[in-house]
Amino acid sequence: MKMTPPISVRSGLKRLGADLKKARLRRRLKMVTIAERAGISRETLSKIQKGNPGVSMGAYAAVIFALGLGVEWMELADISNDRTGMMLDEERIPQRAREIKA
């Protein structure tokens with residue numbers, strides 16, 4: 001059964017796709033050029049520019065790289081920036097340590 005992503009994901013991908021299209025047009029690059037650089041088909045690039053959630057994350061990343069937009073996006077899920085996860089970890093720290101019996 002195919003699941004539909006939440007609306008926030010769909011709208012975020014549409015915005016990302018539109019931004020990637022604008023970046024390509026600003027560089028005056030044809031779709032086929034970026035598709036070749038990214039190692040994807042022109043049809044897949046078209047889906048990315050429309051924000052299609054069925055396209056792999058790797059294809060989106062390849063287009064970002066092909067446009068020369070950097071690699072900062074790779075830090076989106078960096079665990080050192082995960083405040084919620086760090087707070088949850090702190091709650092799980094035991095109040096006192098028990099001696100390990102040998």
# chains A, B, ... in the order shown; residues from 1 in each chain; ligands from 1
$ select_by_dssp --residues "chain A" --states "alpha helix (DSSP H)" --output "VMD selection string"
chain A and resid 7 to 26 31 to 38 42 to 49 57 to 66 83 to 92
$ residues_around --residues "segment 6-16 of chain A" --least-positions-apart "4" --cutoff "7 Å" --atoms "only C-alpha atoms" --output "JSON, numbers by chain"
{"A": [20, 50, 51, 52, 53]}
$ write_last_selection --atoms "N, CA and C atoms" --output "PDB file, in the first residue's frame"
ATOM      1  N   LEU A  20      15.193  24.642  -6.807  1.00  0.00           N
ATOM      2  CA  LEU A  20      16.195  24.001  -7.665  1.00  0.00           C
ATOM      3  C   LEU A  20      16.011  24.429  -9.120  1.00  0.00           C
ATOM      4  N   LYS A  50       9.230  19.558  -9.770  1.00  0.00           N
ATOM      5  CA  LYS A  50       7.822  19.656  -9.380  1.00  0.00           C
ATOM      6  C   LYS A  50       7.612  19.242  -7.926  1.00  0.00           C
ATOM      7  N   GLY A  51       8.681  18.759  -7.262  1.00  0.00           N
ATOM      8  CA  GLY A  51       8.586  18.361  -5.863  1.00  0.00           C
ATOM      9  C   GLY A  51       7.962  17.002  -5.649  1.00  0.00           C
ATOM     10  N   ASN A  52       8.113  16.115  -6.603  1.00  0.00           N
ATOM     11  CA  ASN A  52       7.532  14.770  -6.511  1.00  0.00           C
ATOM     12  C   ASN A  52       8.148  14.002  -5.334  1.00  0.00           C
ATOM     13  N   PRO A  53       7.328  13.557  -4.355  1.00  0.00           N
ATOM     14  CA  PRO A  53       7.861  12.840  -3.200  1.00  0.00           C
ATOM     15  C   PRO A  53       8.290  11.404  -3.512  1.00  0.00           C
TER      16      PRO A  53
END
$ closest_atom_pairs --of "segment 50-90 of chain A" --to "segment 22-29 of chain A" --cutoff "10 Å" --atoms "only C-alpha atoms" --output "JSON lines"
{"residue": "A:Val63", "atom": "CA", "partner": "A:Arg24", "partner_atom": "CA", "distance": 9.6}
{"residue": "A:Ile64", "atom": "CA", "partner": "A:Ala23", "partner_atom": "CA", "distance": 9.4}
{"residue": "A:Ala66", "atom": "CA", "partner": "A:Arg24", "partner_atom": "CA", "distance": 9.5}
{"residue": "A:Leu67", "atom": "CA", "partner": "A:Arg24", "partner_atom": "CA", "distance": 6.7}
{"residue": "A:Gly68", "atom": "CA", "partner": "A:Ala23", "partner_atom": "CA", "distance": 9.5}
{"residue": "A:Leu69", "atom": "CA", "partner": "A:Ala23", "partner_atom": "CA", "distance": 8.6}
$ write_last_selection --atoms "C-alpha atoms" --output "short mmCIF file (atom, residue, chain, number, x, y, z; two decimals), in the first residue's frame"
data_model
loop_
_atom_site.label_atom_id
_atom_site.label_comp_id
_atom_site.auth_asym_id
_atom_site.auth_seq_id
_atom_site.Cartn_x
_atom_site.Cartn_y
_atom_site.Cartn_z
CA VAL A 63 20.81 17.65 -8.41
CA ILE A 64 21.82 19.89 -5.50
CA ALA A 66 25.19 19.22 -9.85
CA LEU A 67 23.98 22.80 -9.39
CA GLY A 68 26.94 23.54 -7.11
CA LEU A 69 24.74 24.42 -4.15
#
$ closest_residue --among "A:Ala62, A:Val71, A:Ala18, A:Val55" --to "Ala35 of chain A" --atoms "only C-alpha atoms"
A:Ala62
$ closest_residue --among "A:Arg96, A:Lys30, A:Lys21, A:Arg83" --to "Tyr60 of chain A" --atoms "only C-alpha atoms"
A:Lys21
$ closest_residue --among "A:Lys47, A:Arg92, A:Arg98, A:Lys2" --to "Met31 of chain A" --atoms "only C-alpha atoms"
A:Lys47
